[in-house]
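As stored in my_file17.cif (mmCIF, C-alpha atoms):
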```cif
data_final
loop_
_atom_site.group_PDB
_atom_site.id
_atom_site.type_symbol
_atom_site.label_atom_id
_atom_site.label_comp_id
_atom_site.auth_asym_id
_atom_site.auth_seq_id
_atom_site.Cartn_x
_atom_site.Cartn_y
_atom_site.Cartn_z
ATOM 1 C CA MET B 1 76.108 11.884 390.877
ATOM 2 C CA ARG B 2 78.521 14.446 389.499
ATOM 3 C CA LEU B 3 79.820 11.930 386.976
ATOM 4 C CA GLU B 4 76.288 11.167 385.817
ATOM 5 C CA ARG B 5 75.549 14.888 385.511
ATOM 6 C CA GLY B 6 78.719 15.356 383.458
ATOM 7 C CA ARG B 7 77.723 12.514 381.135
ATOM 8 C CA ARG B 8 74.322 14.084 380.513
ATOM 9 C CA ALA B 9 75.987 17.414 379.751
ATOM 10 C CA SER B 10 78.406 15.759 377.309
ATOM 11 C CA LEU B 11 75.519 13.932 375.641
ATOM 12 C CA ALA B 12 73.548 17.170 375.204
ATOM 13 C CA ILE B 13 76.553 18.983 373.698
ATOM 14 C CA THR B 14 77.296 16.077 371.351
ATOM 15 C CA LEU B 15 73.707 15.934 370.103
ATOM 16 C CA ASN B 16 73.732 19.698 369.567
ATOM 17 C CA LEU B 17 76.932 19.599 367.515
ATOM 18 C CA VAL B 18 75.651 16.668 365.441
ATOM 19 C CA ALA B 19 72.374 18.499 364.774
ATOM 20 C CA LEU B 20 74.259 21.645 363.742
ATOM 21 C CA ALA B 21 76.538 19.705 361.390
ATOM 22 C CA PHE B 22 73.574 17.907 359.791
ATOM 23 C CA ALA B 23 71.641 21.173 359.392
ATOM 24 C CA VAL B 24 74.549 23.026 357.750
ATOM 25 C CA SER B 25 75.191 20.094 355.405
ATOM 26 C CA ALA B 26 71.529 19.945 354.407
ATOM 27 C CA VAL B 27 71.102 23.691 353.842
ATOM 28 C CA THR B 28 74.263 24.122 351.802
ATOM 29 C CA THR B 29 73.418 21.276 349.408
ATOM 30 C CA SER B 30 70.745 21.055 346.726
ATOM 31 C CA TYR B 31 69.727 17.420 347.102
ATOM 32 C CA TRP B 32 66.503 17.826 349.073
ATOM 33 C CA CYS B 33 64.545 16.443 346.111
ATOM 34 C CA GLU B 34 65.722 14.788 342.925
ATOM 35 C CA GLY B 35 64.118 13.163 339.906
ATOM 36 C CA THR B 36 63.870 13.274 336.133
ATOM 37 C CA ARG B 37 62.318 15.572 333.531
ATOM 38 C CA LYS B 38 60.993 14.422 330.158
ATOM 39 C CA VAL B 39 62.104 16.905 327.491
ATOM 40 C CA ALA B 40 62.195 16.838 323.697
ATOM 41 C CA LYS B 41 65.596 16.184 322.178
ATOM 42 C CA PRO B 42 67.160 19.280 320.614
ATOM 43 C CA PHE B 43 68.590 19.246 317.100
ATOM 44 C CA CYS B 44 72.233 18.259 316.888
ATOM 45 C CA SER B 45 74.683 20.936 315.880
ATOM 46 C CA GLY B 46 78.164 20.692 314.462
ATOM 47 C CA PRO B 47 79.651 18.216 311.987
ATOM 48 C CA PRO B 48 78.195 14.711 311.848
ATOM 49 C CA VAL B 49 79.834 11.995 313.891
ATOM 50 C CA LYS B 50 80.023 8.255 313.341
ATOM 51 C CA MET B 51 78.407 7.300 316.635
ATOM 52 C CA LYS B 52 74.733 8.103 317.183
ATOM 53 C CA GLN B 53 74.120 10.917 319.625
ATOM 54 C CA MET B 54 71.380 9.859 322.021
ATOM 55 C CA TYR B 55 70.719 13.294 323.497
ATOM 56 C CA CYS B 56 69.892 15.121 320.249
ATOM 57 C CA ILE B 57 68.234 14.603 316.835
ATOM 58 C CA ARG B 58 70.264 14.774 313.626
ATOM 59 C CA PHE B 59 68.835 15.166 310.126
ATOM 60 C CA ASN B 60 69.741 12.826 307.291
ATOM 61 C CA SER B 61 71.681 15.671 305.629
ATOM 62 C CA SER B 62 74.167 18.138 307.004
ATOM 63 C CA ASN B 63 73.163 20.864 304.543
ATOM 64 C CA LEU B 64 70.337 22.431 306.513
ATOM 65 C CA ASN B 65 70.277 25.604 304.408
ATOM 66 C CA ASP B 66 69.291 23.799 301.220
ATOM 67 C CA SER B 67 65.492 24.048 301.128
ATOM 68 C CA ARG B 68 65.290 21.755 298.064
ATOM 69 C CA GLN B 69 66.371 18.755 300.114
ATOM 70 C CA VAL B 70 63.926 16.823 302.202
ATOM 71 C CA GLN B 71 65.112 16.341 305.773
ATOM 72 C CA TYR B 72 64.220 13.133 307.580
ATOM 73 C CA ILE B 73 64.123 12.402 311.277
ATOM 74 C CA PHE B 74 64.603 8.753 312.182
ATOM 75 C CA GLU B 75 63.536 9.095 315.833
ATOM 76 C CA THR B 76 59.894 8.229 316.480
ATOM 77 C CA GLY B 77 57.702 8.018 319.568
ATOM 78 C CA GLU B 78 59.592 8.034 322.832
ATOM 79 C CA GLU B 79 62.906 8.257 320.995
ATOM 80 C CA LYS B 80 62.192 11.946 320.413
ATOM 81 C CA PHE B 81 62.350 12.577 324.158
ATOM 82 C CA ILE B 82 65.064 12.279 326.745
ATOM 83 C CA LEU B 83 64.994 12.060 330.551
ATOM 84 C CA ARG B 84 67.211 14.584 332.291
ATOM 85 C CA LYS B 85 68.084 14.280 335.953
ATOM 86 C CA PHE B 86 67.629 17.198 338.332
ATOM 87 C CA HIS B 87 68.073 17.928 342.024
ATOM 88 C CA THR B 88 66.665 20.777 344.075
ATOM 89 C CA GLY B 89 67.471 22.450 347.378
ATOM 90 C CA ILE B 90 66.247 25.480 349.283
ATOM 91 C CA PHE B 91 68.322 27.935 347.242
ATOM 92 C CA TYR B 92 69.155 26.235 343.920
ATOM 93 C CA SER B 93 67.740 23.779 341.415
ATOM 94 C CA CYS B 94 70.168 22.022 339.063
ATOM 95 C CA GLU B 95 69.402 20.091 335.868
ATOM 96 C CA GLN B 96 71.578 18.096 333.500
ATOM 97 C CA ALA B 97 72.996 20.102 330.625
ATOM 98 C CA THR B 98 71.896 19.629 327.034
ATOM 99 C CA ASP B 99 74.901 17.426 326.209
ATOM 100 C CA MET B 100 74.275 15.405 329.420
ATOM 101 C CA ASN B 101 77.632 16.527 330.836
ATOM 102 C CA GLY B 102 77.414 18.460 334.090
ATOM 103 C CA PHE B 103 74.512 20.404 335.572
ATOM 104 C CA ASP B 104 73.073 23.832 334.914
ATOM 105 C CA CYS B 105 71.757 25.517 338.083
ATOM 106 C CA ARG B 106 69.372 28.381 338.677
ATOM 107 C CA SER B 107 67.751 29.951 341.703
ATOM 108 C CA PHE B 108 64.822 28.059 343.181
ATOM 109 C CA ALA B 109 63.051 31.410 343.691
ATOM 110 C CA GLU B 110 62.719 31.663 339.896
ATOM 111 C CA ILE B 111 60.985 28.278 339.789
ATOM 112 C CA ALA B 112 58.553 28.815 342.662
ATOM 113 C CA PRO B 113 55.149 30.252 341.649
ATOM 114 C CA GLU B 114 55.230 34.036 341.880
ATOM 115 C CA HIS B 115 52.148 34.313 344.113
ATOM 116 C CA GLN B 116 53.484 31.588 346.444
ATOM 117 C CA ARG B 117 57.038 32.843 346.973
ATOM 118 C CA GLY B 118 56.136 34.032 350.462
ATOM 119 C CA VAL B 119 56.168 30.381 351.548
ATOM 120 C CA LEU B 120 59.720 30.069 350.241
ATOM 121 C CA TRP B 121 60.891 33.175 352.117
ATOM 122 C CA LEU B 122 59.239 31.853 355.273
ATOM 123 C CA CYS B 123 61.193 28.644 354.798
ATOM 124 C CA VAL B 124 64.464 30.582 354.397
ATOM 125 C CA VAL B 125 63.810 32.718 357.506
ATOM 126 C CA ALA B 126 62.822 29.718 359.626
ATOM 127 C CA GLU B 127 65.897 27.787 358.495
ATOM 128 C CA SER B 128 68.142 30.743 359.364
ATOM 129 C CA LEU B 129 66.584 30.988 362.836
ATOM 130 C CA TYR B 130 67.021 27.250 363.242
ATOM 131 C CA LEU B 131 70.754 27.456 362.594
ATOM 132 C CA ALA B 132 71.231 30.582 364.725
ATOM 133 C CA LEU B 133 69.336 29.302 367.778
ATOM 134 C CA LEU B 134 70.977 25.902 367.503
ATOM 135 C CA PHE B 135 74.401 27.553 367.509
ATOM 136 C CA VAL B 136 73.511 29.782 370.477
ATOM 137 C CA GLY B 137 72.201 26.782 372.426
ATOM 138 C CA GLY B 138 75.441 24.882 371.817
ATOM 139 C CA VAL B 139 77.556 27.851 372.952
ATOM 140 C CA LEU B 140 75.512 28.162 376.167
ATOM 141 C CA MET B 141 75.940 24.438 376.877
ATOM 142 C CA ILE B 142 79.704 24.742 376.470
ATOM 143 C CA LEU B 143 79.840 27.852 378.681
ATOM 144 C CA GLU B 144 77.876 26.001 381.353
ATOM 145 C CA GLN B 145 80.741 23.530 381.755
ATOM 146 C CA SER B 146 83.177 26.340 382.526
ATOM 147 C CA ARG B 147 84.377 26.588 386.128
ATOM 148 C CA CYS B 148 84.325 30.381 386.154
ATOM 149 C CA PHE B 149 80.546 30.478 386.769
ATOM 150 C CA SER B 150 78.701 29.912 390.011
ATOM 151 C CA VAL B 151 76.127 27.179 390.493
ATOM 152 C CA MET B 152 73.182 29.532 390.051
ATOM 153 C CA ASN B 153 74.670 31.066 386.898
ATOM 154 C CA LYS B 154 75.206 27.581 385.501
ATOM 155 C CA LEU B 155 71.560 26.794 386.157
ATOM 156 C CA LYS B 156 70.537 29.944 384.289
ATOM 157 C CA LEU B 157 72.779 29.015 381.365
ATOM 158 C CA SER B 158 71.296 25.512 381.325
ATOM 159 C CA ALA B 159 67.755 26.920 381.259
ATOM 160 C CA PHE B 160 68.538 29.325 378.409
ATOM 161 C CA ALA B 161 70.357 26.574 376.482
ATOM 162 C CA ALA B 162 67.345 24.265 376.752
ATOM 163 C CA MET B 163 64.988 27.055 375.679
ATOM 164 C CA CYS B 164 67.122 28.071 372.667
ATOM 165 C CA THR B 165 67.563 24.476 371.529
ATOM 166 C CA ALA B 166 63.847 23.714 371.808
ATOM 167 C CA LEU B 167 62.926 26.888 369.887
ATOM 168 C CA SER B 168 65.469 26.039 367.201
ATOM 169 C CA GLY B 169 63.868 22.620 366.792
ATOM 170 C CA LEU B 170 60.454 24.209 366.288
ATOM 171 C CA CYS B 171 61.893 26.620 363.699
ATOM 172 C CA GLY B 172 63.558 23.729 361.905
ATOM 173 C CA MET B 173 60.314 21.769 361.760
ATOM 174 C CA VAL B 174 58.502 24.801 360.295
ATOM 175 C CA ALA B 175 61.274 25.326 357.721
ATOM 176 C CA HIS B 176 61.209 21.719 356.545
ATOM 177 C CA MET B 177 57.432 21.697 356.259
ATOM 178 C CA MET B 178 57.454 24.986 354.329
ATOM 179 C CA PHE B 179 59.996 23.605 351.851
ATOM 180 C CA THR B 180 57.816 20.539 351.293
ATOM 181 C CA THR B 181 54.849 22.827 350.633
ATOM 182 C CA ILE B 182 56.625 25.146 348.193
ATOM 183 C CA PHE B 183 58.150 22.215 346.305
ATOM 184 C CA HIS B 184 54.739 20.605 345.817
ATOM 185 C CA LEU B 185 53.379 23.940 344.596
ATOM 186 C CA SER B 186 56.284 24.290 342.165
ATOM 187 C CA VAL B 187 55.714 20.787 340.803
ATOM 188 C CA SER B 188 52.048 21.513 340.079
ATOM 189 C CA MET B 189 52.178 25.218 339.183
ATOM 190 C CA GLY B 190 55.801 25.888 338.263
ATOM 191 C CA PRO B 191 57.178 26.751 334.798
ATOM 192 C CA GLU B 192 56.663 24.243 332.023
ATOM 193 C CA ASP B 193 60.383 23.939 331.340
ATOM 194 C CA TRP B 194 61.007 22.692 334.888
ATOM 195 C CA ARG B 195 58.091 20.471 335.954
ATOM 196 C CA PRO B 196 59.463 16.973 336.683
ATOM 197 C CA LYS B 197 58.049 13.687 335.449
ATOM 198 C CA THR B 198 59.214 11.694 338.475
ATOM 199 C CA TRP B 199 60.743 12.894 341.738
ATOM 200 C CA ASP B 200 61.404 11.807 345.304
ATOM 201 C CA TYR B 201 63.029 13.141 348.455
ATOM 202 C CA SER B 202 66.796 12.815 348.593
ATOM 203 C CA TRP B 203 69.523 12.501 351.228
ATOM 204 C CA SER B 204 69.663 16.200 352.126
ATOM 205 C CA TYR B 205 65.991 16.108 353.093
ATOM 206 C CA ALA B 206 66.585 13.067 355.301
ATOM 207 C CA LEU B 207 69.651 14.789 356.783
ATOM 208 C CA ALA B 208 67.545 17.839 357.654
ATOM 209 C CA TRP B 209 64.994 15.752 359.568
ATOM 210 C CA CYS B 210 67.784 13.819 361.318
ATOM 211 C CA SER B 211 69.132 17.202 362.403
ATOM 212 C CA PHE B 212 65.704 18.085 363.802
ATOM 213 C CA GLY B 213 65.555 14.797 365.737
ATOM 214 C CA THR B 214 69.004 15.187 367.294
ATOM 215 C CA CYS B 215 68.221 18.831 368.103
ATOM 216 C CA MET B 216 65.113 17.880 370.064
ATOM 217 C CA GLY B 217 67.086 15.106 371.778
ATOM 218 C CA SER B 218 69.643 17.685 372.898
ATOM 219 C CA ALA B 219 66.884 19.995 374.143
ATOM 220 C CA VAL B 220 65.189 17.212 376.129
ATOM 221 C CA THR B 221 68.503 16.108 377.661
ATOM 222 C CA THR B 222 69.387 19.666 378.710
ATOM 223 C CA LEU B 223 65.928 20.313 380.144
ATOM 224 C CA ASN B 224 65.964 17.010 382.029
ATOM 225 C CA ARG B 225 69.345 17.832 383.520
ATOM 226 C CA TYR B 226 68.128 21.288 384.572
ATOM 227 C CA THR B 227 64.934 20.043 386.226
ATOM 228 C CA LYS B 228 66.759 17.192 387.979
ATOM 229 C CA THR B 229 69.305 19.634 389.421
ATOM 230 C CA ILE B 230 66.522 21.913 390.676
ATOM 231 C CA ILE B 231 64.755 18.962 392.345
ATOM 232 C CA GLU B 232 67.994 17.870 394.008
ATOM 233 C CA PHE B 233 68.584 21.384 395.351
ATOM 234 C CA LYS B 234 65.064 21.599 396.763
ATOM 235 C CA TYR B 235 65.410 18.175 398.361
ATOM 236 C CA LYS B 236 68.707 19.076 400.024
ATOM 237 C CA ARG B 237 67.320 22.397 401.191
ATOM 238 C CA HIS B 238 64.307 20.646 402.709
ATOM 239 C CA ASN B 239 66.536 18.234 404.625
ATOM 240 C CA ILE B 240 68.794 21.024 405.887
ATOM 241 C CA GLU B 241 65.799 22.982 407.153
ATOM 242 C CA LYS B 242 64.449 19.833 408.767
ATOM 243 C CA ASN B 243 67.751 19.145 410.553
ATOM 244 C CA LEU B 244 67.971 22.722 411.778
ATOM 245 C CA LEU B 245 64.436 22.546 413.125
ATOM 246 C CA VAL B 246 65.203 19.313 414.946
ATOM 247 C CA LYS B 247 68.333 20.841 416.469
ATOM 248 C CA GLN B 248 66.360 23.879 417.606
ATOM 249 C CA LYS B 249 63.795 21.635 419.308
ATOM 250 C CA MET B 250 66.566 19.751 421.076
ATOM 251 C CA MET B 251 68.146 22.971 422.298
ATOM 252 C CA GLU B 252 64.788 24.189 423.594
ATOM 253 C CA LEU B 253 64.354 20.944 425.548
ATOM 254 C CA GLY B 254 67.870 21.254 426.987
ATOM 255 C CA LEU B 255 69.109 17.965 425.590
ATOM 256 C CA PRO B 256 72.868 17.369 425.625
ATOM 257 C CA GLU B 257 75.025 17.737 422.463
ATOM 258 C CA GLN B 258 75.612 13.971 422.383
ATOM 259 C CA VAL B 259 71.972 13.419 421.492
ATOM 260 C CA TRP B 260 72.351 15.690 418.441
ATOM 261 C CA ASN B 261 75.466 13.799 417.380
ATOM 262 C CA MET B 262 73.586 10.514 417.754
ATOM 263 C CA TYR B 263 70.781 11.927 415.590
ATOM 264 C CA LEU B 264 73.208 12.904 412.850
ATOM 265 C CA THR B 265 74.979 9.574 412.839
ATOM 266 C CA ALA B 266 71.655 7.726 412.831
ATOM 267 C CA ALA B 267 70.613 9.448 409.568
ATOM 268 C CA PRO B 268 72.442 7.818 406.643
ATOM 269 C CA ALA B 269 74.326 9.906 404.119
ATOM 270 C CA ASP B 270 71.996 9.093 401.294
ATOM 271 C CA LEU B 271 69.057 10.585 403.250
ATOM 272 C CA GLN B 272 67.112 7.375 403.619
ATOM 273 C CA VAL B 273 64.240 7.501 406.113
ATOM 274 C CA LEU B 274 64.487 5.080 409.022
ATOM 275 C CA PRO B 275 61.400 3.315 410.411
ATOM 276 C CA GLU B 276 59.727 5.389 413.089
ATOM 277 C CA PRO B 277 58.698 4.060 416.535
ATOM 278 C CA LEU B 278 55.060 3.601 417.371
ATOM 279 C CA VAL B 279 53.380 5.715 420.026
ATOM 280 C CA ASN B 280 50.613 3.900 421.847
ATOM 281 C CA GLY B 281 50.390 1.441 418.976
ATOM 282 C CA HIS B 282 49.960 4.188 416.344
ATOM 283 C CA LYS B 283 52.330 5.802 413.865
ATOM 284 C CA PRO B 284 52.956 9.514 414.594
ATOM 285 C CA SER B 285 51.594 12.088 412.149
ATOM 286 C CA THR B 286 54.997 13.565 411.211
ATOM 287 C CA GLY B 287 58.034 11.892 409.706
ATOM 288 C CA ALA B 288 60.557 13.416 412.177
ATOM 289 C CA PRO B 289 62.693 11.076 414.249
ATOM 290 C CA TYR B 290 62.068 10.677 417.973
ATOM 291 C CA VAL B 291 64.731 11.130 420.629
ATOM 292 C CA PHE B 292 64.234 9.722 424.121
ATOM 293 C CA GLU B 293 66.086 10.802 427.230
ATOM 294 C CA GLU B 294 65.826 8.901 430.504
ATOM 295 C CA VAL B 295 65.252 11.013 433.624
ATOM 296 C CA GLU B 296 65.949 9.885 437.161
ATOM 297 C CA HIS B 297 62.665 11.174 438.736
ATOM 298 C CA PRO B 298 60.303 9.659 437.814
ATOM 299 C CA PRO B 299 62.066 6.762 436.003
ATOM 300 C CA GLU B 300 59.115 6.020 433.759
ATOM 301 C CA GLN B 301 58.887 9.583 432.350
ATOM 302 C CA GLN B 302 60.350 10.266 428.896
ATOM 303 C CA VAL B 303 60.747 13.376 426.772
ATOM 304 C CA GLU B 304 59.825 13.529 423.081
ATOM 305 C CA ALA B 305 61.365 15.951 420.605
ATOM 306 C CA TYR B 306 59.943 16.118 417.121
ATOM 307 C CA CYS B 307 59.150 18.623 414.431
#
```

Take the structure from the file and write it as structure tokens.
Amino acid sequence: MRLERGRRASLAITLNLVALAFAVSAVTTSYWCEGTRKVAKPFCSGPPVKMKQMYCIRFNSSNLNDSRQVQYIFETGEEKFILRKFHTGIFYSCEQATDMNGFDCRSFAEIAPEHQRGVLWLCVVAESLYLALLFVGGVLMILEQSRCFSVMNKLKLSAFAAMCTALSGLCGMVAHMMFTTIFHLSVSMGPEDWRPKTWDYSWSYALAWCSFGTCMGSAVTTLNRYTKTIIEFKYKRHNIEKNLLVKQKMMELGLPEQVWNMYLTAAPADLQVLPEPLVNGHKPSTGAPYVFEEVEHPPEQQVEAYC
């Protein structure tokens, strides 16, 4: 039983640490959503090159200051546009640079609609609470395994750990839903120079929801372990009280100590209930065992002791 309890505790701690690692990785990255933006190609600058530059438009002449020359642009239709990749997180949104080398990042708060930024701040606060409560729950689970606490203090730590972990999961769910809401609002009502043409959720978003799932698994495991321990304590207490009551009845009836020893050895260690004898062809109303003592006068008389 103790080994099984230790395995459940190790499982809860492992799930908590995995959820915390996933959450930190998701929050600190900007790959919750990614996609492409369709933008017009800028004019090429600098001296002409032999190879055609696909990310910009170059005139047929390098002398742009001569107004007497007619400048021609050979790109037509879709060739005048380019698709730039972008990826967005809770704090930053990054887009490919003009020369398609590297990414230029800016705060996601600048992209979110001004009258809807409260949703973004709610997301940030909920995500911070998620990380904090998840960390506190993990610390309480680790402290519970310490031998310097009594059994009752360990039960209290287990209860608080389960409560903190469950609350952190709820905060994480709210944070993830709020980010989804503010991103949809930014796509439809954000600045023109940011609105994407195509987009989809990325690996950081999936990592965040995996963190939520493992967090709730840790909370359920901790709560199950706590409730099972409480039930075991109540069951043992009930059996101890029952044995004491039986012993008191035997002492009141003046039965010898050997009868009490026989009663204890008759009850198995795993507290299984033995079949009870029938009285006048009927099962007695209580589940207490019966003890019979033979008396010399009269020989047919017997004494019953039950609780």

Task: Distance criterion (all atoms listed in the file): nearest to Val136 (chain B) out of B:Phe160, B:Phe103, B:Ser93, B:Cys123 - done: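 Checking each candidate against Val136 (chain B), we get B:Phe160 as the closest.
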
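This file gives the following result for the PyMOL selection byres ((chain B and resi 198) around 6): Gly35, Thr36, Pro196, Lys197 and Trp199 of chain B.
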
Residues of the last selection are to be written out with C-alpha atoms, as a PDB file, keeping the file's coordinate frame.
```pdb
ATOM      1  CA  GLY B  35      64.118  13.163 339.906  1.00  0.00           C
ATOM      2  CA  THR B  36      63.870  13.274 336.133  1.00  0.00           C
ATOM      3  CA  PRO B 196      59.463  16.973 336.683  1.00  0.00           C
ATOM      4  CA  LYS B 197      58.049  13.687 335.449  1.00  0.00           C
ATOM      5  CA  TRP B 199      60.743  12.894 341.738  1.00  0.00           C
TER       6      TRP B 199
END
```

Open item on the list: Please report the interatomic distance between CA of Ile111 (chain B) and CA of His184 (chain B) in Å with one decimal.
Closed with: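 Answer for the CA of Ile111 (chain B) to CA of His184 (chain B) separation: 11.6 Å.
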
- [ ] To verify the selection step, state as a ChimeraX atom specification which residues the PyMOL selection byres ((chain B and resi 22) around 8) yields on this input.
- [x] /B:18-21,23-26,207-208,210-211

Open item on the list: With all atoms listed in the file as the counted atoms, please give the residues lying no more than 8 Å from Cys105 (chain B), apart from itself and same-chain residues fewer than 4 positions off, as a list in words.
Closed with: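 Using all atoms listed in the file, the neighbours found are Tyr92, Ser93, Cys94 and Glu95 of chain B.
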
Task: the PyMOL selection byres ((chain B and resi 219-236) around 6) applied to the shown file, residues as number ranges by chain - done: B: 12, 162, 165-166, 216-218, 237-239

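Picture a line from CA of Leu133 (chain B) to CA of Ala159 (chain B); it runs 13.8 Å.
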
Open item on the list: Under the rule that all atoms listed in the file are counted, which of B:Met141, B:Ala206, B:Ile182, B:Leu245 is the nearest residue to Gln116 (chain B)?
Closed with: B:Ile182
